[in-house]
$ cat protein26.txt   # compact mmCIF, C-alpha atoms
# COMPACT_ATOMS: atom_id res chain seq x y z
CA MET A 1 0.00 0.00 0.00
CA LYS A 2 1.48 3.33 -1.06
CA MET A 3 -0.63 5.69 1.04
CA SER A 4 -2.78 5.63 4.15
CA ILE A 5 -5.33 8.27 5.15
CA ALA A 6 -5.62 8.43 8.95
CA ILE A 7 -8.98 9.81 10.13
CA PRO A 8 -9.85 10.25 13.82
CA THR A 9 -13.62 10.50 14.28
CA TRP A 10 -16.26 11.23 16.94
CA GLU A 11 -19.90 12.37 17.08
CA SER A 12 -18.94 15.99 16.30
CA TYR A 13 -22.13 17.32 17.94
CA GLY A 14 -24.37 15.27 15.69
CA LYS A 15 -22.61 16.22 12.45
CA GLY A 16 -20.15 13.31 12.39
CA ASN A 17 -22.02 11.31 9.75
CA GLU A 18 -22.40 14.29 7.44
CA PHE A 19 -18.75 15.29 7.76
CA LEU A 20 -17.37 11.80 7.23
CA ASP A 21 -19.63 11.23 4.23
CA ASP A 22 -18.35 14.45 2.63
CA LEU A 23 -14.74 13.51 3.32
CA PHE A 24 -15.20 9.99 1.93
CA ARG A 25 -16.75 11.37 -1.27
CA THR A 26 -13.66 13.55 -1.84
CA ILE A 27 -11.45 10.52 -1.21
CA GLU A 28 -13.36 8.31 -3.61
CA ILE A 29 -12.76 10.68 -6.55
CA GLN A 30 -9.01 10.99 -5.98
CA SER A 31 -6.94 10.32 -9.09
CA PHE A 32 -4.48 8.29 -6.99
CA LYS A 33 -5.97 4.89 -6.12
CA ASP A 34 -3.28 2.97 -4.20
CA TYR A 35 -4.45 3.93 -0.73
CA GLU A 36 -6.23 2.72 2.36
CA VAL A 37 -8.52 4.68 4.67
CA VAL A 38 -8.13 4.10 8.41
CA VAL A 39 -10.88 5.40 10.71
CA SER A 40 -10.40 5.45 14.48
CA ASP A 41 -13.80 6.16 16.02
CA HIS A 42 -14.20 7.72 19.48
CA SER A 43 -17.99 7.97 19.15
CA LYS A 44 -20.08 6.71 22.06
CA ASN A 45 -22.67 5.44 19.58
CA ASP A 46 -22.43 3.46 16.34
CA ASP A 47 -23.90 6.09 14.02
CA LEU A 48 -20.76 6.34 11.86
CA VAL A 49 -21.10 2.68 10.92
CA LYS A 50 -23.80 3.77 8.46
CA VAL A 51 -21.24 5.81 6.52
CA ILE A 52 -18.64 3.08 6.82
CA SER A 53 -21.07 0.55 5.34
CA LYS A 54 -21.88 2.90 2.47
CA PHE A 55 -18.24 3.18 1.39
CA GLN A 56 -16.70 -0.14 2.47
CA ASP A 57 -16.89 -1.55 -1.07
CA LYS A 58 -15.66 1.62 -2.76
CA PHE A 59 -12.11 1.68 -1.36
CA ASN A 60 -9.85 -0.15 1.08
CA LEU A 61 -11.34 0.81 4.45
CA LEU A 62 -10.35 -0.15 7.99
CA TYR A 63 -12.74 0.88 10.77
CA VAL A 64 -11.48 0.71 14.35
CA LYS A 65 -13.81 1.36 17.28
CA ASN A 66 -11.57 3.10 19.82
CA GLU A 67 -12.88 3.10 23.37
CA ASN A 68 -9.57 4.12 24.92
CA ASP A 69 -8.96 7.72 26.05
CA ARG A 70 -12.34 8.76 24.67
CA GLY A 71 -12.49 12.53 24.17
CA ASN A 72 -8.74 12.88 23.74
CA GLY A 73 -8.20 14.04 20.15
CA PRO A 74 -4.42 13.48 20.06
CA ALA A 75 -4.83 9.91 21.37
CA ASN A 76 -7.47 9.09 18.76
CA THR A 77 -5.35 10.58 15.99
CA ASN A 78 -2.40 8.48 17.16
CA ASN A 79 -4.55 5.35 17.12
CA ALA A 80 -5.54 5.99 13.51
CA ILE A 81 -1.89 6.52 12.56
CA ASP A 82 -0.78 3.37 14.39
CA HIS A 83 -3.15 1.26 12.27
CA CYS A 84 -1.80 2.62 8.97
CA SER A 85 0.28 0.39 6.72
CA GLY A 86 0.97 2.72 3.77
CA ASP A 87 4.39 4.05 2.84
CA ILE A 88 3.07 7.59 3.35
CA ILE A 89 0.48 8.62 5.94
CA LYS A 90 -1.89 11.51 5.30
CA VAL A 91 -3.74 12.83 8.33
CA MET A 92 -7.27 14.11 7.73
CA PHE A 93 -9.61 15.42 10.38
CA GLN A 94 -13.20 14.28 10.01
CA ASP A 95 -14.67 17.76 9.45
CA ASP A 96 -12.18 18.63 6.70
CA PHE A 97 -12.12 17.32 3.15
CA PHE A 98 -10.00 17.22 0.00
CA TYR A 99 -10.33 20.31 -2.20
CA ASP A 100 -8.21 18.92 -5.04
CA ASP A 101 -9.01 15.54 -6.58
CA GLU A 102 -5.30 15.11 -7.37
CA ALA A 103 -4.24 15.80 -3.77
CA LEU A 104 -3.07 12.27 -2.91
CA GLU A 105 -1.19 11.96 -6.20
CA LYS A 106 0.61 15.26 -5.65
CA ILE A 107 1.54 14.38 -2.06
CA TYR A 108 2.79 10.94 -3.01
CA ILE A 109 4.93 12.22 -5.88
CA GLU A 110 6.46 14.99 -3.77
CA LEU A 111 7.33 12.83 -0.78
CA SER A 112 8.36 9.67 -2.61
CA ASN A 113 10.79 11.65 -4.77
CA SER A 114 12.31 13.54 -1.85
CA ASP A 115 14.72 12.70 0.94
CA LYS A 116 12.57 14.82 3.25
CA THR A 117 10.35 12.97 5.69
CA TRP A 118 7.25 15.14 5.90
CA LEU A 119 5.09 17.54 3.91
CA LEU A 120 2.77 20.43 4.69
CA ASN A 121 0.33 21.51 1.98
CA GLY A 122 -1.81 24.58 1.46
CA CYS A 123 -5.45 24.80 2.46
CA ASN A 124 -8.50 27.02 2.35
CA HIS A 125 -11.47 27.43 4.67
CA THR A 126 -15.25 27.14 4.47
CA GLN A 127 -18.01 28.24 6.83
CA ASP A 128 -20.88 26.93 4.71
CA ASP A 129 -19.89 23.29 4.13
CA GLY A 130 -18.05 23.90 0.89
CA ASN A 131 -20.49 26.19 -0.89
CA SER A 132 -17.89 28.96 -0.78
CA PHE A 133 -14.24 29.16 0.22
CA TYR A 134 -12.00 31.87 1.67
CA TRP A 135 -8.59 32.44 3.26
CA GLU A 136 -6.08 30.43 1.31
CA MET A 137 -3.27 29.53 3.72
CA PHE A 138 0.18 28.30 2.77
CA PRO A 139 2.26 26.73 5.57
CA ARG A 140 5.20 28.72 6.87
CA TRP A 141 7.51 28.19 9.81
CA ASN A 142 7.73 30.77 12.57
CA ASP A 143 9.69 30.97 15.82
CA LYS A 144 6.57 31.33 17.98
CA LEU A 145 4.89 28.01 17.20
CA LEU A 146 5.20 26.94 20.82
CA GLU A 147 3.38 30.12 21.83
CA GLY A 148 0.38 29.14 19.74
CA VAL A 149 1.15 31.21 16.65
CA ASN A 150 0.04 28.68 14.05
CA SER A 151 1.21 29.69 10.59
CA ILE A 152 0.82 26.11 9.32
CA SER A 153 -2.87 25.19 9.96
CA SER A 154 -4.57 22.03 11.21
CA PRO A 155 -3.10 18.50 11.01
CA SER A 156 -5.17 17.95 7.86
CA VAL A 157 -2.33 19.66 5.93
CA LEU A 158 0.15 17.07 7.20
CA ALA A 159 1.64 13.99 5.53
CA PHE A 160 4.72 11.99 6.47
CA LYS A 161 6.60 8.81 5.69
CA ASN A 162 5.70 5.72 7.70
CA ASN A 163 9.09 5.53 9.40
CA VAL A 164 8.11 8.49 11.61
CA LYS A 165 7.84 7.40 15.25
CA ARG A 166 6.66 10.72 16.70
CA ARG A 167 3.03 10.93 17.75
CA PHE A 168 0.75 13.73 18.96
CA ASP A 169 1.18 14.65 22.62
CA THR A 170 -1.90 13.39 24.46
CA THR A 171 -1.56 15.97 27.26
CA LEU A 172 -2.30 18.84 24.86
CA THR A 173 -5.58 20.29 23.60
CA TYR A 174 -5.03 23.59 21.79
CA PHE A 175 -1.37 22.99 20.88
CA MET A 176 -1.57 19.40 19.63
CA ASP A 177 -0.74 20.52 16.09
CA VAL A 178 1.96 23.17 16.67
CA GLU A 179 3.82 20.96 19.16
CA PHE A 180 3.82 18.10 16.66
CA TYR A 181 5.18 20.33 13.90
CA TYR A 182 7.89 21.64 16.21
CA GLY A 183 8.78 18.09 17.19
CA MET A 184 8.92 16.94 13.58
CA MET A 185 11.33 19.75 12.77
CA TYR A 186 13.35 18.70 15.82
CA ASP A 187 13.39 15.03 14.69
CA HIS A 188 13.46 15.22 10.91
CA GLY A 189 14.41 18.70 9.80
CA GLU A 190 12.52 20.91 7.37
CA PRO A 191 9.37 19.64 5.64
CA ILE A 192 8.34 20.04 2.04
CA LEU A 193 6.24 23.21 1.98
CA TYR A 194 3.83 22.45 -0.84
CA ASP A 195 2.19 25.68 -1.97
CA ASP A 196 -0.95 24.24 -3.49
CA VAL A 197 -4.39 24.22 -1.88
CA LEU A 198 -5.19 20.54 -1.44
CA ILE A 199 -7.65 20.47 1.46
CA SER A 200 -10.45 22.56 2.95
CA ASN A 201 -10.84 23.24 6.67
CA ARG A 202 -14.36 23.60 7.97
CA VAL A 203 -14.77 26.47 10.42
CA GLY A 204 -17.52 26.16 13.02
CA ASP A 205 -18.43 25.62 16.66
CA TYR A 206 -17.80 21.88 16.32
CA SER A 207 -14.02 22.31 16.04
CA VAL A 208 -11.72 22.02 19.04
CA THR A 209 -9.89 25.21 18.11
CA THR A 210 -13.07 27.27 17.92
CA ASN A 211 -14.41 25.90 21.17
CA VAL A 212 -11.16 26.59 22.98
CA SER A 213 -10.87 30.06 21.47
CA HIS A 214 -14.41 30.98 22.51
CA LYS A 215 -14.11 29.66 26.05
CA ASN A 216 -10.67 29.38 27.64
CA ARG A 217 -8.12 30.38 25.02
CA ASP A 218 -5.89 32.42 27.34
CA TYR A 219 -5.84 29.64 29.92
CA TYR A 220 -4.85 26.97 27.40
CA VAL A 221 -2.29 29.18 25.64
CA THR A 222 -0.54 30.02 28.93
CA LYS A 223 -0.65 26.46 30.25
CA GLU A 224 0.38 24.73 27.03
CA THR A 225 3.04 27.27 26.08
CA LYS A 226 4.71 26.63 29.44
CA TYR A 227 4.46 22.87 29.00
CA CYS A 228 5.82 22.86 25.43
CA LYS A 229 8.72 25.19 26.17
CA GLU A 230 9.73 23.07 29.14
CA LYS A 231 9.45 19.93 27.02
CA TYR A 232 11.92 21.26 24.46
CA GLY A 233 14.05 23.37 26.77
CA VAL A 234 13.06 26.59 25.01
CA VAL A 235 13.62 29.78 26.98

$ encode --input "protein26.txt" --output "structure tokens"
Amino acid sequence: MKMSIAIPTWESYGKGNEFLDDLFRTIEIQSFKDYEVVVSDHSKNDDLVKVISKFQDKFNLLYVKNENDRGNGPANTNNAIDHCSGDIIKVMFQDDFFYDDEALEKIYIELSNSDKTWLLNGCNHTQDDGNSFYWEMFPRWNDKLLEGVNSISSPSVLAFKNNVKRRFDTTLTYFMDVEFYYGMMYDHGEPILYDDVLISNRVGDYSVTTNVSHKNRDYYVTKETKYCKEKYGVV
């Protein structure tokens, strides 16, 4: 298997089925076909099985019901990754979807022809479930990642080779992405910065980032900045 798509899932406030169905439809039409889809499901119910059943004959699909560390997004993402067997792993969050039907092909070509270990691609955003798009974002490094200044975007822009041992830090909420990027740079050096919009991020109250920002952003930023800087010995 050349590629794996790692998808952590949960109820997503009743929108989980809708989101996963949309994501699966953008996977099904990908030009690149040598892939598997790995779903790690933290849902308390079995509603997502309806979507799984709908697509199980359309592509190589592994569904894992994950009852461990329920509610911990980093842990569920790690579980999806750990079940992947492809040469290259593409992380996709359940509420995001592929914008470009050649996305997997482009990622595979870039990474397989490079000695670099990981890739970050461009994205855009939607607030109306893909009826319109705004804010094209192209990943860039900055020295304040561990202070929550995310110039890269969500883990849905991330892909890496299967020899990567690093996983998302399960003690983090708001900084799970920026800490992982910092750690990947620490472990593997610079990524491929692929300046093409390949995925769309949904923006809404169902996302962890939005919920944290609306409620306790300052608390999480202070707490997790301190933790991350101590972890890496950053002054």

$ closest_atom_pairs --input "protein26.txt" --of "stretch 69-144 of chain A" --to "stretch 154-162 of chain A" --cutoff "10 Å" --atoms "all atoms listed in the file" --output "tab-separated table"
residue	atom	partner	partner_atom	distance
A:Thr77	CA	A:Pro155	CA	9.6
A:Ile81	CA	A:Asn162	CA	9.0
A:Asp82	CA	A:Asn162	CA	9.6
A:Cys84	CA	A:Asn162	CA	8.2
A:Ser85	CA	A:Asn162	CA	7.7
A:Gly86	CA	A:Asn162	CA	6.8
A:Asp87	CA	A:Asn162	CA	5.3
A:Ile88	CA	A:Lys161	CA	4.4
A:Ile89	CA	A:Phe160	CA	5.4
A:Lys90	CA	A:Ala159	CA	4.3
A:Val91	CA	A:Ser156	CA	5.3
A:Met92	CA	A:Ser156	CA	4.4
A:Phe93	CA	A:Ser156	CA	5.7
A:Gln94	CA	A:Ser156	CA	9.1
A:Asp95	CA	A:Ser156	CA	9.6
A:Asp96	CA	A:Ser156	CA	7.1
A:Phe97	CA	A:Ser156	CA	8.4
A:Phe98	CA	A:Ser156	CA	9.3
A:Leu104	CA	A:Ala159	CA	9.8
A:Ile107	CA	A:Ala159	CA	7.6
A:Tyr108	CA	A:Ala159	CA	9.1
A:Leu111	CA	A:Lys161	CA	7.7
A:Ser112	CA	A:Lys161	CA	8.5
A:Lys116	CA	A:Lys161	CA	8.8
A:Thr117	CA	A:Lys161	CA	5.6
A:Trp118	CA	A:Phe160	CA	4.1
A:Leu119	CA	A:Ala159	CA	5.2
A:Leu120	CA	A:Leu158	CA	4.9
A:Asn121	CA	A:Val157	CA	5.1
A:Gly122	CA	A:Val157	CA	6.7
A:Cys123	CA	A:Val157	CA	6.9
A:Phe138	CA	A:Val157	CA	9.5
A:Pro139	CA	A:Val157	CA	8.4

$ write_last_selection --input "protein26.txt" --atoms "C-alpha atoms" --output "short mmCIF file (atom, residue, chain, number, x, y, z; two decimals), keeping the file's coordinate frame"
data_model
loop_
_atom_site.label_atom_id
_atom_site.label_comp_id
_atom_site.auth_asym_id
_atom_site.auth_seq_id
_atom_site.Cartn_x
_atom_site.Cartn_y
_atom_site.Cartn_z
CA THR A 77 -5.35 10.58 15.99
CA ILE A 81 -1.89 6.52 12.56
CA ASP A 82 -0.78 3.37 14.39
CA CYS A 84 -1.80 2.62 8.97
CA SER A 85 0.28 0.39 6.72
CA GLY A 86 0.97 2.72 3.77
CA ASP A 87 4.39 4.05 2.84
CA ILE A 88 3.07 7.59 3.35
CA ILE A 89 0.48 8.62 5.94
CA LYS A 90 -1.89 11.51 5.30
CA VAL A 91 -3.74 12.83 8.33
CA MET A 92 -7.27 14.11 7.73
CA PHE A 93 -9.61 15.42 10.38
CA GLN A 94 -13.20 14.28 10.01
CA ASP A 95 -14.67 17.76 9.45
CA ASP A 96 -12.18 18.63 6.70
CA PHE A 97 -12.12 17.32 3.15
CA PHE A 98 -10.00 17.22 0.00
CA LEU A 104 -3.07 12.27 -2.91
CA ILE A 107 1.54 14.38 -2.06
CA TYR A 108 2.79 10.94 -3.01
CA LEU A 111 7.33 12.83 -0.78
CA SER A 112 8.36 9.67 -2.61
CA LYS A 116 12.57 14.82 3.25
CA THR A 117 10.35 12.97 5.69
CA TRP A 118 7.25 15.14 5.90
CA LEU A 119 5.09 17.54 3.91
CA LEU A 120 2.77 20.43 4.69
CA ASN A 121 0.33 21.51 1.98
CA GLY A 122 -1.81 24.58 1.46
CA CYS A 123 -5.45 24.80 2.46
CA PHE A 138 0.18 28.30 2.77
CA PRO A 139 2.26 26.73 5.57
#

$ closest_residue --input "protein26.txt" --among "A:Val203, A:Cys228, A:Val39, A:Val64" --to "A:Leu23" --atoms "all atoms listed in the file"
A:Val39

$ residues_around --input "protein26.txt" --residues "A:Thr225" --least-positions-apart "6" --cutoff "10 Å" --atoms "all atoms listed in the file" --output "list in words"
Lys144, Leu145, Leu146, Glu147, Gly148, Tyr174, Phe175, Glu179, Tyr219 and Lys231 of chain A

$ write_last_selection --input "protein26.txt" --atoms "C-alpha atoms" --output "compact mmCIF listing (two decimals), in the frame of the given file"
# COMPACT_ATOMS: atom_id res chain seq x y z
CA LYS A 144 6.57 31.33 17.98
CA LEU A 145 4.89 28.01 17.20
CA LEU A 146 5.20 26.94 20.82
CA GLU A 147 3.38 30.12 21.83
CA GLY A 148 0.38 29.14 19.74
CA TYR A 174 -5.03 23.59 21.79
CA PHE A 175 -1.37 22.99 20.88
CA GLU A 179 3.82 20.96 19.16
CA TYR A 219 -5.84 29.64 29.92
CA LYS A 231 9.45 19.93 27.02

$ residues_near_point --input "protein26.txt" --point "(3.2, 14.8, 17.7)" --cutoff "9 Å" --atoms "all atoms listed in the file" --output "number ranges by chain"
A: 74, 78, 166-170, 176-184

$ atom_distance --input "protein26.txt" --atom1 "atom CA of A:Phe24" --atom2 "atom CA of A:Ser43"
17.6 Å

$ closest_residue --input "protein26.txt" --among "A:Trp10, A:Tyr99, A:Tyr232, A:Phe133" --to "A:Gly71" --atoms "all atoms listed in the file"
A:Trp10

$ closest_residue --input "protein26.txt" --among "A:Ser31, A:Asn66, A:Ile52, A:Asp205" --to "A:Ser12" --atoms "all atoms listed in the file"
A:Asp205

$ atom_distance --input "protein26.txt" --atom1 "atom CA of A:Leu48" --atom2 "atom CA of A:Gln30"
21.9 Å

$ atom_distance --input "protein26.txt" --atom1 "atom CA of A:Ser114" --atom2 "atom CA of A:Ile199"
21.4 Å

$ closest_residue --input "protein26.txt" --among "A:Phe32, A:Tyr13, A:Phe19, A:Phe59" --to "A:Lys44" --atoms "only C-alpha atoms"
A:Tyr13

$ closest_residue --input "protein26.txt" --among "A:Asn216, A:Thr9, A:Thr171, A:Thr126" --to "A:Glu67" --atoms "only C-alpha atoms"
A:Thr9

$ closest_residue --input "protein26.txt" --among "A:Asn72, A:Ser53, A:Asn79, A:Ser4" --to "A:Leu172" --atoms "all atoms listed in the file"
A:Asn72
